[in-house]
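Presented below is the structure to which this report refers.
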Amino acid sequence: MFGKLLSTLLISFHLFAILCVSFSEENPTDRRVLVLLEDFAIKSSHSLFFKSLETRGFDLDFKLADDPKLALQRYGKYLYDAVILFSPTIDRFGGSIDAASLLEFVDSGHDLILAADASASELIREIAVECGVDFDEDPAALVIDHMSYAVSETEEDHTLIASDDFIQSEVILGSTKIEAPVLFKGIGHSINPANNLVLTVLSASPAAYSANPKSKLSNPPTLTGSAISLVSIVQARNNARILISGSLSMFSNRFFRSGVQKAGTTSKHEKCGNEQFLTELSKWVFHESGHLKAVNVKHHKVGEKDEPSMYRIKDDLDYSVEVYEWSGTSWEPYLADDLQVQFYMMSPYVLKTLSTDQKGLYYTSFKVPDVYGVFQFKVEYQRLGYTSLSLSKQIPVRPFRHNEYERFIPAAYPYYGASFSMMSGFFIFTMVYLYTK
């Protein structure tokens with residue numbers, strides 16, 4: 001009896017410790033990460049990537065993807081902040097994990113890294129499709145490029161690609177430019193251009209195409225040129241982040257340590273750009289960069305400090321909000337000149353760009369429009385690489401009361417004058433008519 005009680009307490013204490021270090025607004029960086037492997041050999045063959053995460057403070061829990069004891073949550077609480085899926089050929093997950101539970105995990109605001117390969121299973125393809133990415137339907141297809149391949153003595157089919165067509169964003173790929181091309185060997189995918197939640201981070205060259213390198217082309221390939229995405233990212237509307245790669249090999253130690261020379265160039269790099277590229281990308285996926293928060297949203301009448309329950313038409317008011325960016329270790333003031341606030345009822349009646357004190361505070365002043373109803377202060381901020389800000393605060397606006405109107409309206413002075421002149425004229429006419437012969 002005592003042994004069972006002790007084991008229950010230990011399990012509860014372990015769960016409490018997990019929840020204490022999980023994702024929070026004060027520390028948005030993912031900390032506990034579940035790594036699902038196809039084989040434990042991947043843990044050693046990709047150890048440099050995993051080590052870079054551990055040195056940044058992440059707690060990696062390595063498990064086989066078909067482990068019958070797998071679970072993402074316990075007692076209604078998620079045990080992990082993110083999942084790394086390095087099992088491209090898995091047909092079925094173990095335990096209580098399936099495609100639906102992984103997608104629900106993302107829908108709840110958690111993050112995912114998915115690495116596929118030429119032999120990607122239907123399960124992996126299904127998860128990718130739900131995230132807005134379509135892998136090539138041909139299971140034997142690889143990305144082939146006869147112009148931008150990596151010079152190699154062993155690879156003669158030009159499936160080892162040296163790509164340097166990166167997304168132009170310092171938030172996503174860091175401020176240090178990636179000088180060396182990235183090595184890629186795997187399957188290509190396409191994204192829907194109408195889906196603004198999915199972005200191509202690394203794309204193929206215009207000469208690339210997706211096909212089976214071991215057979216002759218009988219029909220034109222379905223994926224060609226720069227439309228082929230090699231690595232893509234997704235930022236959901238709830239700010240959950242996903243990384244999808246068509247190559248598991250690009251995370252490997254062999255690629256991290258490999259030198260690279262792009263075909264058609266004379267420059268040879270002693271080390272390819274894979275390590276820098278994937279390190280910076282993992283920082284973005286795990287919210288170490290590009291994460292914003294807004295606090296202390298305030299509004300009040302000019303000259304006052306307390307927030308009123310309602311405004312009157314034509315009131316002068318002040319609006320302010322503080323915005324900070326997570327640097328990986330602390331919150332720093334976010335600096336921008338394009339943050340705007342709307343005073344909104346069905347459509348924006350007022351749209352103002354906020355000024356900043358360069359310390360995180362954004363503010364502005366404006367006059368309440370001459371329209372009464374229920375308005376909202378709205379801030380909708382979406383910028384490449386940053387988490388979106390969506391702030392809304394409702395406030396009613398009333399008209400003037402009967403005793404608040406001006407006693408004499410300047411625009412009516414001519415009518416006042418006409419009335420008094422009529423009375424004066426009538427009085428003079430009466431006097432003249434009565435007392436003159």
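Every chain in the structure tokens has a letter given in the order shown (A, B, ...), and although residue numbers restart at 1 in each chain, ligands are simply numbered from 1 in the order shown.
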
For range 230-237 of chain A: contacts at 6 Å, only C-alpha atoms, fewer than 6 positions along chain excluded, given as an NGL selection string: :A and (188 or 197-203 or 243-246)

Would you save the residues from that selection as a PDB file, in the first residue's frame, using all heavy atoms?
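File written: result-v4.pdb
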```
ATOM      1  N   GLY A 188      10.654  16.700 -53.121  1.00  0.00           N
ATOM      2  CA  GLY A 188      10.168  18.079 -53.202  1.00  0.00           C
ATOM      3  C   GLY A 188       8.689  18.174 -52.869  1.00  0.00           C
ATOM      4  O   GLY A 188       7.969  17.164 -52.862  1.00  0.00           O
ATOM      5  N   LEU A 197      -0.364  31.301 -44.924  1.00  0.00           N
ATOM      6  CA  LEU A 197       0.196  30.783 -43.678  1.00  0.00           C
ATOM      7  C   LEU A 197       1.445  29.942 -43.927  1.00  0.00           C
ATOM      8  O   LEU A 197       2.213  29.693 -43.001  1.00  0.00           O
ATOM      9  CB  LEU A 197      -0.846  29.935 -42.939  1.00  0.00           C
ATOM     10  CG  LEU A 197      -2.148  30.631 -42.537  1.00  0.00           C
ATOM     11  CD1 LEU A 197      -3.090  29.648 -41.866  1.00  0.00           C
ATOM     12  CD2 LEU A 197      -1.875  31.818 -41.619  1.00  0.00           C
ATOM     13  N   VAL A 198       1.636  29.492 -45.165  1.00  0.00           N
ATOM     14  CA  VAL A 198       2.765  28.636 -45.515  1.00  0.00           C
ATOM     15  C   VAL A 198       3.782  29.454 -46.315  1.00  0.00           C
ATOM     16  O   VAL A 198       3.420  30.170 -47.248  1.00  0.00           O
ATOM     17  CB  VAL A 198       2.314  27.416 -46.343  1.00  0.00           C
ATOM     18  CG1 VAL A 198       3.480  26.453 -46.551  1.00  0.00           C
ATOM     19  CG2 VAL A 198       1.158  26.702 -45.666  1.00  0.00           C
ATOM     20  N   LEU A 199       5.056  29.333 -45.945  1.00  0.00           N
ATOM     21  CA  LEU A 199       6.124  30.060 -46.620  1.00  0.00           C
ATOM     22  C   LEU A 199       7.229  29.095 -47.027  1.00  0.00           C
ATOM     23  O   LEU A 199       7.575  28.176 -46.274  1.00  0.00           O
ATOM     24  CB  LEU A 199       6.716  31.132 -45.701  1.00  0.00           C
ATOM     25  CG  LEU A 199       5.794  32.264 -45.261  1.00  0.00           C
ATOM     26  CD1 LEU A 199       6.494  33.117 -44.197  1.00  0.00           C
ATOM     27  CD2 LEU A 199       5.386  33.132 -46.436  1.00  0.00           C
ATOM     28  N   THR A 200       7.766  29.306 -48.220  1.00  0.00           N
ATOM     29  CA  THR A 200       8.920  28.534 -48.662  1.00  0.00           C
ATOM     30  C   THR A 200      10.187  29.177 -48.119  1.00  0.00           C
ATOM     31  O   THR A 200      10.452  30.355 -48.387  1.00  0.00           O
ATOM     32  CB  THR A 200       8.982  28.480 -50.198  1.00  0.00           C
ATOM     33  OG1 THR A 200       7.815  27.813 -50.685  1.00  0.00           O
ATOM     34  CG2 THR A 200      10.208  27.722 -50.660  1.00  0.00           C
ATOM     35  N   VAL A 201      10.955  28.429 -47.355  1.00  0.00           N
ATOM     36  CA  VAL A 201      12.190  28.942 -46.777  1.00  0.00           C
ATOM     37  C   VAL A 201      13.381  28.638 -47.681  1.00  0.00           C
ATOM     38  O   VAL A 201      14.305  29.442 -47.803  1.00  0.00           O
ATOM     39  CB  VAL A 201      12.421  28.339 -45.369  1.00  0.00           C
ATOM     40  CG1 VAL A 201      13.684  28.889 -44.744  1.00  0.00           C
ATOM     41  CG2 VAL A 201      11.243  28.631 -44.475  1.00  0.00           C
ATOM     42  N   LEU A 202      13.357  27.472 -48.300  1.00  0.00           N
ATOM     43  CA  LEU A 202      14.422  27.066 -49.215  1.00  0.00           C
ATOM     44  C   LEU A 202      13.764  26.460 -50.443  1.00  0.00           C
ATOM     45  O   LEU A 202      13.013  25.485 -50.340  1.00  0.00           O
ATOM     46  CB  LEU A 202      15.344  26.037 -48.554  1.00  0.00           C
ATOM     47  CG  LEU A 202      16.552  25.568 -49.370  1.00  0.00           C
ATOM     48  CD1 LEU A 202      17.543  26.706 -49.585  1.00  0.00           C
ATOM     49  CD2 LEU A 202      17.234  24.374 -48.700  1.00  0.00           C
ATOM     50  N   SER A 203      14.022  27.042 -51.605  1.00  0.00           N
ATOM     51  CA  SER A 203      13.400  26.554 -52.833  1.00  0.00           C
ATOM     52  C   SER A 203      14.457  26.073 -53.814  1.00  0.00           C
ATOM     53  O   SER A 203      15.644  26.418 -53.708  1.00  0.00           O
ATOM     54  CB  SER A 203      12.536  27.650 -53.470  1.00  0.00           C
ATOM     55  OG  SER A 203      13.320  28.779 -53.778  1.00  0.00           O
ATOM     56  N   LEU A 243       7.747  23.258 -39.139  1.00  0.00           N
ATOM     57  CA  LEU A 243       8.812  23.166 -40.146  1.00  0.00           C
ATOM     58  C   LEU A 243       8.642  21.840 -40.888  1.00  0.00           C
ATOM     59  O   LEU A 243       8.550  20.784 -40.259  1.00  0.00           O
ATOM     60  CB  LEU A 243      10.186  23.223 -39.471  1.00  0.00           C
ATOM     61  CG  LEU A 243      11.401  22.794 -40.312  1.00  0.00           C
ATOM     62  CD1 LEU A 243      11.594  23.713 -41.503  1.00  0.00           C
ATOM     63  CD2 LEU A 243      12.660  22.757 -39.459  1.00  0.00           C
ATOM     64  N   ILE A 244       8.587  21.909 -42.216  1.00  0.00           N
ATOM     65  CA  ILE A 244       8.441  20.711 -43.036  1.00  0.00           C
ATOM     66  C   ILE A 244       9.584  20.666 -44.038  1.00  0.00           C
ATOM     67  O   ILE A 244       9.782  21.601 -44.828  1.00  0.00           O
ATOM     68  CB  ILE A 244       7.088  20.694 -43.769  1.00  0.00           C
ATOM     69  CG1 ILE A 244       5.948  20.666 -42.756  1.00  0.00           C
ATOM     70  CG2 ILE A 244       7.006  19.493 -44.711  1.00  0.00           C
ATOM     71  CD1 ILE A 244       4.571  20.697 -43.376  1.00  0.00           C
ATOM     72  N   SER A 245      10.351  19.580 -43.981  1.00  0.00           N
ATOM     73  CA  SER A 245      11.487  19.381 -44.880  1.00  0.00           C
ATOM     74  C   SER A 245      11.298  18.091 -45.665  1.00  0.00           C
ATOM     75  O   SER A 245      10.798  17.102 -45.128  1.00  0.00           O
ATOM     76  CB  SER A 245      12.800  19.316 -44.083  1.00  0.00           C
ATOM     77  OG  SER A 245      13.860  18.866 -44.898  1.00  0.00           O
ATOM     78  N   GLY A 246      11.708  18.121 -46.930  1.00  0.00           N
ATOM     79  CA  GLY A 246      11.625  16.932 -47.754  1.00  0.00           C
ATOM     80  C   GLY A 246      12.852  16.050 -47.649  1.00  0.00           C
ATOM     81  O   GLY A 246      12.983  15.089 -48.413  1.00  0.00           O
TER      82      GLY A 246
END
```

Neighbour list for Asp306 in chain A as number ranges by chain, cut-off 12 Å, only C-alpha atoms, skip fewer than 4 positions in-chain: A: 298-302, 310, 317-319

Dump of N, CA, C and O atoms for the selected residues, as an mmCIF file, in the first residue's frame:
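Done, and the output landed in selection_38.cif:
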```cif
data_model
loop_
_atom_site.group_PDB
_atom_site.id
_atom_site.type_symbol
_atom_site.label_atom_id
_atom_site.label_comp_id
_atom_site.auth_asym_id
_atom_site.auth_seq_id
_atom_site.Cartn_x
_atom_site.Cartn_y
_atom_site.Cartn_z
ATOM 1 N N LYS A 298 -4.065 50.410 -22.859
ATOM 2 C CA LYS A 298 -4.761 51.451 -22.089
ATOM 3 C C LYS A 298 -5.411 52.461 -23.022
ATOM 4 O O LYS A 298 -4.899 52.732 -24.103
ATOM 5 N N HIS A 299 -6.523 53.016 -22.567
ATOM 6 C CA HIS A 299 -7.147 54.153 -23.263
ATOM 7 C C HIS A 299 -7.901 54.987 -22.233
ATOM 8 O O HIS A 299 -8.449 54.453 -21.254
ATOM 9 N N HIS A 300 -7.900 56.266 -22.429
ATOM 10 C CA HIS A 300 -8.582 57.175 -21.511
ATOM 11 C C HIS A 300 -8.722 58.538 -22.169
ATOM 12 O O HIS A 300 -8.088 58.822 -23.202
ATOM 13 N N LYS A 301 -9.544 59.392 -21.567
ATOM 14 C CA LYS A 301 -9.701 60.750 -22.084
ATOM 15 C C LYS A 301 -8.416 61.536 -21.865
ATOM 16 O O LYS A 301 -7.668 61.284 -20.920
ATOM 17 N N VAL A 302 -8.173 62.480 -22.748
ATOM 18 C CA VAL A 302 -6.989 63.326 -22.622
ATOM 19 C C VAL A 302 -7.058 64.101 -21.310
ATOM 20 O O VAL A 302 -8.079 64.705 -20.974
ATOM 21 N N MET A 310 -17.511 54.460 -20.961
ATOM 22 C CA MET A 310 -17.943 54.805 -22.304
ATOM 23 C C MET A 310 -17.398 56.186 -22.663
ATOM 24 O O MET A 310 -16.962 56.950 -21.788
ATOM 25 N N LEU A 317 -9.161 61.425 -26.895
ATOM 26 C CA LEU A 317 -8.706 60.306 -26.081
ATOM 27 C C LEU A 317 -7.274 59.921 -26.431
ATOM 28 O O LEU A 317 -6.757 60.252 -27.503
ATOM 29 N N ASP A 318 -6.631 59.230 -25.490
ATOM 30 C CA ASP A 318 -5.289 58.681 -25.666
ATOM 31 C C ASP A 318 -5.388 57.155 -25.673
ATOM 32 O O ASP A 318 -6.156 56.570 -24.900
ATOM 33 N N TYR A 319 -4.579 56.541 -26.535
ATOM 34 C CA TYR A 319 -4.509 55.075 -26.600
ATOM 35 C C TYR A 319 -3.050 54.667 -26.559
ATOM 36 O O TYR A 319 -2.196 55.296 -27.212
#
```

Spatial neighbours of range 220-225 of chain A, max dist 10 Å, only C-alpha atoms, sep filter under 4 positions, as a list of chain:residue names: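 Using only C-alpha atoms, the neighbours found are A:Phe135, A:Asp136, A:Glu137, A:Asp138, A:Ala141, A:Val143, A:Ile144, A:Asp145, A:Gly188, A:His189, A:Ser190, A:Ser203, A:Ala204, A:Ser205, A:Pro206, A:Ala207, A:Ala208, A:Tyr209, A:Ser210, A:Ala211, A:Asn212, A:Ser229.
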
Which of range 81-313 of chain A fall in strand (DSSP E or B), as JSON, numbers by chain: {"A": [82, 83, 84, 85, 86, 111, 112, 113, 114, 115, 133, 134, 135, 142, 143, 144, 149, 150, 161, 162, 163, 166, 182, 183, 184, 189, 190, 191, 198, 199, 200, 201, 202, 203, 209, 210, 211, 224, 229, 230, 231, 232, 233, 234, 235, 241, 242, 243, 244, 245, 260, 261, 262, 268, 269, 291, 292, 293, 294, 295, 296, 297, 298, 299, 300, 301, 311, 312]}

Of the listed residues A:Glu280, A:Glu332, A:Lys271, A:Val171, that which approaches Arg383 in chain A most closely, counting only C-alpha atoms: A:Val171

Gln358 in chain A environment, 9 Å, only C-alpha atoms, sequence neighbours closer than 6 positions dropped, as a ChimeraX atom specification: /A:333-336

Coordinates-based distance that separates CA of Glu126 in chain A from CA of Asp107 in chain A (Å, one decimal):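 Computing the Euclidean distance for CA of Asp107 in chain A and CA of Glu126 in chain A yields 15.8 Å.
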
Contact residues around Gly95 in chain A with only C-alpha atoms at 8 Å, ignoring same-chain residues under 6 positions, as number ranges by chain: A: 66-71

Shell of 12 Å around Leu248 in chain A, only C-alpha atoms, local chain residues under 2 positions omitted, as a PyMOL selection string: chain A and resi 37-38+42+45-46+49+84-89+113-120+183-187+230-231+244-246+250-255+274+278

Pairwise distance for CA of Gly76 in chain A and CA of Ser330 in chain A, rounded to one decimal in Å: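 Calculated distance between CA of Gly76 in chain A and CA of Ser330 in chain A is 29.6 Å.
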
Pairwise distance for CA of Leu72 in chain A and CA of Ile97 in chain A, rounded to one decimal in Å: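 One can read the CA of Leu72 in chain A to CA of Ile97 in chain A distance as 7.0 Å.
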
Those in range 211-319 of chain A with alpha helix (DSSP H) from DSSP, as a list in words: Asn253, Arg254, Phe255, Phe256, Arg257, Asn274, Glu275, Gln276, Phe277, Leu278, Thr279, Glu280, Leu281, Ser282, Lys283, Trp284 and Val285 of chain A

Using N, CA, C and O atoms, can you write the selected residues to a file as a tab-separated table (two decimals), in the first residue's frame?
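And here's out31.tsv as it stands now:
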```tsv
chain	number	residue	atom	x	y	z
A	253	ASN	N	24.66	14.44	-39.36
A	253	ASN	CA	26.03	14.88	-39.08
A	253	ASN	C	26.86	14.93	-40.37
A	253	ASN	O	27.71	15.79	-40.53
A	254	ARG	N	26.60	13.97	-41.26
A	254	ARG	CA	27.38	13.92	-42.50
A	254	ARG	C	27.18	15.19	-43.33
A	254	ARG	O	28.15	15.75	-43.85
A	255	PHE	N	25.96	15.67	-43.40
A	255	PHE	CA	25.70	16.90	-44.15
A	255	PHE	C	26.20	18.12	-43.38
A	255	PHE	O	26.69	19.08	-43.97
A	256	PHE	N	26.06	18.10	-42.05
A	256	PHE	CA	26.52	19.24	-41.23
A	256	PHE	C	28.01	19.47	-41.40
A	256	PHE	O	28.48	20.61	-41.42
A	257	ARG	N	28.78	18.37	-41.52
A	257	ARG	CA	30.25	18.47	-41.57
A	257	ARG	C	30.78	18.55	-42.99
A	257	ARG	O	31.97	18.77	-43.20
A	274	ASN	N	24.19	23.92	-43.91
A	274	ASN	CA	23.11	23.19	-43.24
A	274	ASN	C	23.00	23.50	-41.76
A	274	ASN	O	21.90	23.73	-41.24
A	275	GLU	N	24.14	23.48	-41.06
A	275	GLU	CA	24.09	23.68	-39.61
A	275	GLU	C	23.56	25.06	-39.26
A	275	GLU	O	22.67	25.20	-38.41
A	276	GLN	N	24.08	26.09	-39.90
A	276	GLN	CA	23.62	27.45	-39.62
A	276	GLN	C	22.16	27.61	-40.02
A	276	GLN	O	21.35	28.20	-39.27
A	277	PHE	N	21.80	27.10	-41.18
A	277	PHE	CA	20.44	27.22	-41.70
A	277	PHE	C	19.43	26.56	-40.76
A	277	PHE	O	18.42	27.17	-40.37
A	278	LEU	N	19.69	25.32	-40.36
A	278	LEU	CA	18.74	24.59	-39.54
A	278	LEU	C	18.75	25.05	-38.09
A	278	LEU	O	17.72	24.98	-37.41
A	279	THR	N	19.88	25.53	-37.62
A	279	THR	CA	19.93	26.08	-36.26
A	279	THR	C	19.07	27.33	-36.15
A	279	THR	O	18.26	27.47	-35.22
A	280	GLU	N	19.24	28.25	-37.10
A	280	GLU	CA	18.44	29.47	-37.09
A	280	GLU	C	16.96	29.17	-37.30
A	280	GLU	O	16.09	29.79	-36.68
A	281	LEU	N	16.69	28.20	-38.17
A	281	LEU	CA	15.30	27.84	-38.44
A	281	LEU	C	14.65	27.20	-37.22
A	281	LEU	O	13.48	27.46	-36.91
A	282	SER	N	15.41	26.38	-36.50
A	282	SER	CA	14.85	25.76	-35.29
A	282	SER	C	14.62	26.81	-34.20
A	282	SER	O	13.69	26.68	-33.40
A	283	LYS	N	15.45	27.84	-34.16
A	283	LYS	CA	15.21	28.93	-33.21
A	283	LYS	C	13.87	29.60	-33.49
A	283	LYS	O	13.12	29.94	-32.57
A	284	TRP	N	13.59	29.78	-34.77
A	284	TRP	CA	12.31	30.41	-35.12
A	284	TRP	C	11.14	29.49	-34.79
A	284	TRP	O	10.14	29.93	-34.20
A	285	VAL	N	11.26	28.21	-35.15
A	285	VAL	CA	10.16	27.27	-34.92
A	285	VAL	C	9.86	27.15	-33.43
A	285	VAL	O	8.69	27.09	-33.03
```

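In this comparison, which uses only C-alpha atoms, the residue of A:Arg31, A:Ser289, A:Val106, A:Leu79 approaching Ser175 in chain A most closely is A:Ser289.
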
Residue contacts of Val371 in chain A (12 Å, only C-alpha atoms) excluding same-chain residues fewer than 3 positions away, as a PyMOL selection string: chain A and resi 311-315+343-345+348-350+367-368+374-375+396-400
